[in-house]
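> What follows is the file upload.pdb, containing PDB, C-alpha atoms and all ligand atoms:
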```pdb
ATOM      1  CA  MET A   1     -15.002 -36.243   6.860
ATOM      2  CA  LYS A   2     -16.247 -36.473   3.282
ATOM      3  CA  TYR A   3     -17.324 -32.868   3.514
ATOM      4  CA  LEU A   4     -13.881 -31.859   4.632
ATOM      5  CA  ALA A   5     -12.249 -33.823   1.845
ATOM      6  CA  ILE A   6     -13.946 -31.672  -0.764
ATOM      7  CA  PHE A   7     -12.351 -28.577   0.645
ATOM      8  CA  LEU A   8      -9.080 -30.131   1.660
ATOM      9  CA  PRO A   9      -7.019 -28.935  -1.306
ATOM     10  CA  LEU A  10      -8.186 -25.398  -0.723
ATOM     11  CA  ILE A  11      -7.698 -25.582   3.015
ATOM     12  CA  LEU A  12      -4.203 -27.000   2.588
ATOM     13  CA  GLN A  13      -3.391 -24.208   0.210
ATOM     14  CA  LEU A  14      -4.604 -21.581   2.642
ATOM     15  CA  ALA A  15      -3.551 -23.090   5.932
ATOM     16  CA  VAL A  16       0.190 -22.832   5.416
ATOM     17  CA  HIS A  17       0.689 -19.959   7.806
ATOM     18  CA  ALA A  18      -2.928 -19.171   8.556
ATOM     19  CA  ASP A  19      -3.145 -20.792  11.954
ATOM     20  CA  GLU A  20      -2.710 -17.851  14.295
ATOM     21  CA  GLY A  21      -4.197 -14.423  14.679
ATOM     22  CA  LYS A  22      -3.731 -11.594  12.240
ATOM     23  CA  SER A  23      -0.687 -12.427  10.172
ATOM     24  CA  ARG A  24      -2.022 -14.734   7.512
ATOM     25  CA  VAL A  25       0.447 -15.381   4.781
ATOM     26  CA  LEU A  26       0.170 -17.149   1.459
ATOM     27  CA  PRO A  27       3.396 -18.083  -0.278
ATOM     28  CA  PHE A  28       3.870 -17.321  -3.963
ATOM     29  CA  LYS A  29       6.784 -19.012  -5.690
ATOM     30  CA  VAL A  30       7.786 -17.214  -8.851
ATOM     31  CA  SER A  31       9.874 -20.191 -10.068
ATOM     32  CA  GLU A  32       6.768 -22.382 -10.103
ATOM     33  CA  VAL A  33       4.633 -20.120 -12.253
ATOM     34  CA  GLY A  34       3.458 -21.930 -15.368
ATOM     35  CA  ALA A  35       2.588 -20.632 -18.810
ATOM     36  CA  ASP A  36      -0.060 -18.206 -17.567
ATOM     37  CA  LYS A  37       1.931 -15.216 -16.398
ATOM     38  CA  SER A  38      -1.027 -12.888 -15.786
ATOM     39  CA  GLU A  39      -1.047 -13.283 -11.996
ATOM     40  CA  LEU A  40       2.724 -12.987 -11.878
ATOM     41  CA  MET A  41       2.602  -9.708 -13.791
ATOM     42  CA  LYS A  42       0.066  -8.316 -11.320
ATOM     43  CA  ILE A  43       2.307  -9.395  -8.463
ATOM     44  CA  PHE A  44       5.398  -7.956 -10.148
ATOM     45  CA  THR A  45       3.674  -4.582 -10.471
ATOM     46  CA  ALA A  46       2.713  -4.681  -6.781
ATOM     47  CA  VAL A  47       6.296  -5.613  -5.848
ATOM     48  CA  GLN A  48       7.635  -2.706  -7.939
ATOM     49  CA  ILE A  49       5.432  -0.286  -6.006
ATOM     50  CA  LYS A  50       6.245  -1.896  -2.658
ATOM     51  CA  ASP A  51       9.973  -1.927  -3.376
ATOM     52  CA  ARG A  52       9.992   1.750  -4.323
ATOM     53  CA  GLU A  53       8.019   2.578  -1.183
ATOM     54  CA  ASP A  54      10.479   0.625   0.959
ATOM     55  CA  LEU A  55      13.421   2.487  -0.576
ATOM     56  CA  PHE A  56      12.046   5.976  -1.127
ATOM     57  CA  GLY A  57       8.822   6.219   0.878
ATOM     58  CA  ILE A  58       5.455   6.933  -0.614
ATOM     59  CA  PRO A  59       4.603   9.861  -2.874
ATOM     60  CA  GLN A  60       2.735  12.507  -0.943
ATOM     61  CA  THR A  61      -0.554  14.271  -1.301
ATOM     62  CA  TYR A  62      -0.793  17.949  -0.424
ATOM     63  CA  ARG A  63      -3.564  20.474  -0.030
ATOM     64  CA  ILE A  64      -2.626  23.910  -1.257
ATOM     65  CA  ILE A  65      -3.090  26.583   1.362
ATOM     66  CA  GLN A  66      -1.787  29.277  -0.935
ATOM     67  CA  VAL A  67      -0.444  29.385  -4.455
ATOM     68  CA  ILE A  68       2.810  31.345  -4.313
ATOM     69  CA  GLY A  69       3.849  30.820  -7.914
ATOM     70  CA  LYS A  70       3.475  28.253 -10.674
ATOM     71  CA  LYS A  71       6.052  26.035  -8.996
ATOM     72  CA  GLU A  72       5.733  27.211  -5.402
ATOM     73  CA  PHE A  73       2.987  26.438  -2.980
ATOM     74  CA  LEU A  74       2.283  26.679   0.703
ATOM     75  CA  VAL A  75       0.798  23.275   1.451
ATOM     76  CA  GLN A  76      -0.613  21.038   4.134
ATOM     77  CA  VAL A  77       0.661  17.440   4.098
ATOM     78  CA  LEU A  78      -2.324  15.124   3.847
ATOM     79  CA  PRO A  79      -3.976  13.053   5.239
ATOM     80  CA  ALA A  80      -3.313  14.556   8.676
ATOM     81  CA  GLY A  81      -2.893  18.088   7.357
ATOM     82  CA  LYS A  82      -1.006  19.182  10.457
ATOM     83  CA  ARG A  83       2.355  19.727   8.834
ATOM     84  CA  ILE A  84       2.749  22.777   6.637
ATOM     85  CA  LEU A  85       5.498  23.007   4.046
ATOM     86  CA  TRP A  86       6.714  25.352   1.358
ATOM     87  CA  LEU A  87       6.595  23.054  -1.673
ATOM     88  CA  LYS A  88       8.669  23.667  -4.789
ATOM     89  CA  THR A  89       7.553  21.503  -7.701
ATOM     90  CA  LEU A  90       9.566  20.492 -10.763
ATOM     91  CA  ASN A  91       6.845  21.358 -13.222
ATOM     92  CA  GLU A  92       4.388  24.190 -13.342
ATOM     93  CA  ILE A  93       1.088  23.262 -11.790
ATOM     94  CA  SER A  94      -1.972  25.310 -12.480
ATOM     95  CA  ALA A  95      -3.877  24.917  -9.260
ATOM     96  CA  ALA A  96      -5.900  27.121  -6.963
ATOM     97  CA  ASP A  97      -5.901  27.591  -3.219
ATOM     98  CA  GLY A  98      -7.584  24.656  -1.476
ATOM     99  CA  GLU A  99      -6.957  22.174  -4.273
ATOM    100  CA  VAL A 100      -5.210  18.872  -3.716
ATOM    101  CA  ILE A 101      -2.101  17.751  -5.604
ATOM    102  CA  ARG A 102      -1.145  14.098  -5.550
ATOM    103  CA  ASP A 103       1.729  11.716  -6.164
ATOM    104  CA  ILE A 104       4.554  14.120  -5.512
ATOM    105  CA  TYR A 105       7.920  12.803  -4.370
ATOM    106  CA  ALA A 106       9.488  15.598  -2.385
ATOM    107  CA  VAL A 107      12.449  15.901  -0.063
ATOM    108  CA  VAL A 108      12.121  18.181   2.946
ATOM    109  CA  SER A 109      15.237  20.317   3.193
ATOM    110  CA  GLU A 110      16.906  22.091   6.090
ATOM    111  CA  ARG A 111      16.027  25.438   4.574
ATOM    112  CA  THR A 112      12.982  27.385   5.695
ATOM    113  CA  ARG A 113      10.686  30.108   4.455
ATOM    114  CA  SER A 114       8.657  32.547   6.466
ATOM    115  CA  TYR A 115       5.209  33.787   5.656
ATOM    116  CA  THR A 116       2.367  35.643   7.305
ATOM    117  CA  ASN A 117      -0.463  33.323   8.260
ATOM    118  CA  ILE A 118      -4.185  34.156   8.257
ATOM    119  CA  GLN A 119      -4.020  35.249  11.871
ATOM    120  CA  GLY A 120      -1.493  37.844  10.758
ATOM    121  CA  ALA A 121       1.346  36.180  12.598
ATOM    122  CA  LYS A 122       4.685  35.302  11.076
ATOM    123  CA  ALA A 123       5.220  31.573  10.593
ATOM    124  CA  THR A 124       8.263  29.646   9.426
ATOM    125  CA  VAL A 125       8.073  26.359   7.557
ATOM    126  CA  ARG A 126      10.494  23.968   5.897
ATOM    127  CA  ILE A 127      11.000  23.935   2.147
ATOM    128  CA  ALA A 128      10.148  20.650   0.421
ATOM    129  CA  GLU A 129      11.570  20.144  -3.048
ATOM    130  CA  GLU A 130      10.023  17.778  -5.514
ATOM    131  CA  ILE A 131      12.386  15.199  -6.972
ATOM    132  CA  ILE A 132      12.096  13.090 -10.132
ATOM    133  CA  PRO A 133      10.160   9.963  -9.148
ATOM    134  CA  PRO A 134      12.566   7.158  -8.288
ATOM    135  CA  PRO A 135      12.650   4.420 -10.945
ATOM    136  CA  PHE A 136      10.705   1.196 -10.620
ATOM    137  CA  MET A 137      12.649  -2.023 -10.370
ATOM    138  CA  LYS A 138      13.201  -3.727 -13.726
ATOM    139  CA  GLN A 139      12.031  -7.267 -14.379
ATOM    140  CA  GLU A 140      15.618  -8.599 -14.613
ATOM    141  CA  ALA A 141      16.445  -7.120 -11.195
ATOM    142  CA  PHE A 142      13.274  -8.644  -9.746
ATOM    143  CA  VAL A 143      14.279 -12.105 -10.936
ATOM    144  CA  SER A 144      17.914 -11.856  -9.889
ATOM    145  CA  LEU A 145      17.045 -10.496  -6.445
ATOM    146  CA  LEU A 146      14.556 -13.338  -5.946
ATOM    147  CA  LYS A 147      17.187 -15.873  -6.977
ATOM    148  CA  SER A 148      19.597 -14.388  -4.444
ATOM    149  CA  GLY A 149      17.035 -15.032  -1.696
ATOM    150  CA  LYS A 150      15.226 -11.701  -1.467
ATOM    151  CA  THR A 151      11.528 -11.909  -0.629
ATOM    152  CA  TRP A 152       8.720  -9.379  -0.588
ATOM    153  CA  THR A 153       5.584  -9.412   1.503
ATOM    154  CA  LEU A 154       2.565  -7.774  -0.083
ATOM    155  CA  PRO A 155       0.167  -6.896   2.732
ATOM    156  CA  ALA A 156      -3.466  -8.001   2.344
ATOM    157  CA  PHE A 157      -2.873  -8.835  -1.313
ATOM    158  CA  LYS A 158      -5.385 -11.670  -1.519
ATOM    159  CA  SER A 159      -8.914 -11.797  -0.276
ATOM    160  CA  VAL A 160     -10.366 -15.281   0.046
ATOM    161  CA  SER A 161     -13.901 -16.246   0.983
ATOM    162  CA  CYS A 162     -13.936 -17.399   4.606
ATOM    163  CA  GLN A 163     -13.695 -21.175   4.946
ATOM    164  CA  ARG A 164     -15.524 -21.241   8.259
ATOM    165  CA  CYS A 165     -18.685 -19.304   7.431
ATOM    166  CA  PHE A 166     -18.426 -19.710   3.625
ATOM    167  CA  GLY A 167     -18.684 -15.984   3.081
ATOM    168  CA  ASP A 168     -21.758 -15.362   5.234
ATOM    169  CA  GLY A 169     -19.930 -13.633   8.056
ATOM    170  CA  LYS A 170     -22.092 -15.631  10.453
ATOM    171  CA  LEU A 171     -21.871 -19.199  11.668
ATOM    172  CA  SER A 172     -24.660 -21.661  10.875
ATOM    173  CA  VAL A 173     -27.986 -21.737  12.717
ATOM    174  CA  LEU A 174     -26.798 -24.911  14.439
ATOM    175  CA  GLN A 175     -23.849 -22.969  15.776
ATOM    176  CA  GLY A 176     -26.164 -20.254  17.048
ATOM    177  CA  SER A 177     -25.769 -17.884  14.067
ATOM    178  CA  ALA A 178     -22.940 -16.221  15.935
ATOM    179  CA  ASP A 179     -20.634 -13.760  14.208
ATOM    180  CA  CYS A 180     -17.891 -15.709  12.538
ATOM    181  CA  PRO A 181     -14.732 -15.420  14.641
ATOM    182  CA  ASP A 182     -12.416 -16.346  11.755
ATOM    183  CA  CYS A 183     -13.213 -13.465   9.470
ATOM    184  CA  ASP A 184     -14.617 -11.047  12.038
ATOM    185  CA  ARG A 185     -18.009 -10.984  10.233
ATOM    186  CA  LYS A 186     -16.468  -9.834   6.945
ATOM    187  CA  GLY A 187     -17.093 -13.121   5.129
ATOM    188  CA  SER A 188     -13.612 -13.081   3.698
ATOM    189  CA  THR A 189     -10.102 -13.184   4.976
ATOM    190  CA  SER A 190      -7.226 -11.257   3.532
ATOM    191  CA  PHE A 191      -3.831 -12.775   3.202
ATOM    192  CA  ASP A 192      -0.421 -11.246   2.851
ATOM    193  CA  LEU A 193       1.435 -12.636  -0.115
ATOM    194  CA  LEU A 194       5.006 -13.760   0.480
ATOM    195  CA  VAL A 195       6.768 -13.558  -2.884
ATOM    196  CA  THR A 196       9.779 -15.846  -3.118
ATOM    197  CA  TRP A 197      11.794 -17.561  -5.814
TER     198      TRP A 197
HETATM  199 ZN    ZN X   1     -16.105 -16.255   8.437
END
```
Can the structure from this file be put into structure tokens for me?
Ligand SMILES: [Zn+2]

Amino acid sequence: MKYLAIFLPLILQLAVHADEGKSRVLPFKVSEVGADKSELMKIFTAVQIKDREDLFGIPQTYRIIQVIGKKEFLVQVLPAGKRILWLKTLNEISAADGEVIRDIYAVVSERTRSYTNIQGAKATVRIAEEIIPPPFMKQEAFVSLLKSGKTWTLPAFKSVSCQRCFGDGKLSVLQGSADCPDCDRKGSTSFDLLVTW
């Protein structure tokens, strides 16, 4: 029991929602943050990104199949690469065939373009038009939304050394050196962070 007592504060901190299966959640109360705001600022940045993703989706990465012009490209949508689009960018991009362009917010329109593919056949694809990146949430909005009861969950935001195998990934010799079932041999457990007021 003494042994347990040493770790009790930590365990209590971690055990809040960590009892079952995969969804392990640590709460983070913004209203209880003290003078050191460094962790809060990291969390705020993560919430800004998450919030923009929730509202506008994630910026895309494309591989250029063919450069049509400085602002027009025939592209594959990565990572799958199955979808092909005719991408119109806002700014000129000097890129070559086969290169990858990242972090583009684009809206796929109803309009299409036709082109001749490498097999010599005619193909028709949708036009995707880049838009100005949606704005990040401001700090005042973050605080007022929290106060009105809004919460954000940041998936796998915290990684904590496993309390069962103490980071080894394996149980003790006495327990047969089996793979640790709590962390699935990883030695650490990741927690979602539930950001609340
Ligand atoms: Zn473990």
> Record the distance separating CA of Trp197 in chain A and CA of Leu55 in chain A, expressed in Å with one decimal.
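We find that CA of Trp197 in chain A and CA of Leu55 in chain A lie 20.8 Å from each other.
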> For the PyMOL selection byres (((chain A and resi 109) around 9) and not hetatm), applied here, can you spell out every residue it catches as a PyMOL selection string?
chain A and resi 107-108+110-112+126-129
> Residues of chain A that have any atom at most 10 Å from an atom of ligand ZN 1 (chain X): could you tabulate them with the shortest-distance atom pair and the distance in Å to one decimal, using all atoms listed in the file, ordered by chain and increasing number, as CSV?

```
residue,atom,partner,partner_atom,distance
A:Ser161,CA,X:ZN1,ZN,7.8
A:Cys162,CA,X:ZN1,ZN,4.5
A:Gln163,CA,X:ZN1,ZN,6.5
A:Arg164,CA,X:ZN1,ZN,5.0
A:Cys165,CA,X:ZN1,ZN,4.1
A:Phe166,CA,X:ZN1,ZN,6.4
A:Gly167,CA,X:ZN1,ZN,6.0
A:Asp168,CA,X:ZN1,ZN,6.6
A:Gly169,CA,X:ZN1,ZN,4.7
A:Lys170,CA,X:ZN1,ZN,6.3
A:Leu171,CA,X:ZN1,ZN,7.2
A:Asp179,CA,X:ZN1,ZN,7.7
A:Cys180,CA,X:ZN1,ZN,4.5
A:Pro181,CA,X:ZN1,ZN,6.4
A:Asp182,CA,X:ZN1,ZN,5.0
A:Cys183,CA,X:ZN1,ZN,4.1
A:Asp184,CA,X:ZN1,ZN,6.5
A:Arg185,CA,X:ZN1,ZN,5.9
A:Lys186,CA,X:ZN1,ZN,6.6
A:Gly187,CA,X:ZN1,ZN,4.7
A:Ser188,CA,X:ZN1,ZN,6.2
A:Thr189,CA,X:ZN1,ZN,7.6
```
> Can those selected residues be exported to a file as a PDB file, in the frame of the given file so that it contains C-alpha atoms?

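Listed below is the output, result03.pdb:
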```pdb
ATOM      1  CA  SER A 161     -13.901 -16.246   0.983  1.00  0.00           C
ATOM      2  CA  CYS A 162     -13.936 -17.399   4.606  1.00  0.00           C
ATOM      3  CA  GLN A 163     -13.695 -21.175   4.946  1.00  0.00           C
ATOM      4  CA  ARG A 164     -15.524 -21.241   8.259  1.00  0.00           C
ATOM      5  CA  CYS A 165     -18.685 -19.304   7.431  1.00  0.00           C
ATOM      6  CA  PHE A 166     -18.426 -19.710   3.625  1.00  0.00           C
ATOM      7  CA  GLY A 167     -18.684 -15.984   3.081  1.00  0.00           C
ATOM      8  CA  ASP A 168     -21.758 -15.362   5.234  1.00  0.00           C
ATOM      9  CA  GLY A 169     -19.930 -13.633   8.056  1.00  0.00           C
ATOM     10  CA  LYS A 170     -22.092 -15.631  10.453  1.00  0.00           C
ATOM     11  CA  LEU A 171     -21.871 -19.199  11.668  1.00  0.00           C
ATOM     12  CA  ASP A 179     -20.634 -13.760  14.208  1.00  0.00           C
ATOM     13  CA  CYS A 180     -17.891 -15.709  12.538  1.00  0.00           C
ATOM     14  CA  PRO A 181     -14.732 -15.420  14.641  1.00  0.00           C
ATOM     15  CA  ASP A 182     -12.416 -16.346  11.755  1.00  0.00           C
ATOM     16  CA  CYS A 183     -13.213 -13.465   9.470  1.00  0.00           C
ATOM     17  CA  ASP A 184     -14.617 -11.047  12.038  1.00  0.00           C
ATOM     18  CA  ARG A 185     -18.009 -10.984  10.233  1.00  0.00           C
ATOM     19  CA  LYS A 186     -16.468  -9.834   6.945  1.00  0.00           C
ATOM     20  CA  GLY A 187     -17.093 -13.121   5.129  1.00  0.00           C
ATOM     21  CA  SER A 188     -13.612 -13.081   3.698  1.00  0.00           C
ATOM     22  CA  THR A 189     -10.102 -13.184   4.976  1.00  0.00           C
TER      23      THR A 189
END
```
> Nearest residue to Leu145 in chain A out of A:Val30, A:Gly120, A:Arg113, A:Leu90, using all atoms listed in the file?
A:Val30
> Running the PyMOL selection byres (((chain A and resi 75) around 8) and not hetatm) on this model by hand, what would come out? Give it as a ChimeraX atom specification.
/A:62-66,73-74,76-77,84-87
> How would you write, as number ranges by chain, the residues chosen by the PyMOL selection byres (((chain A and resi 27) around 8) and not hetatm) on this structure?
A: 25-26, 28-29, 193-196
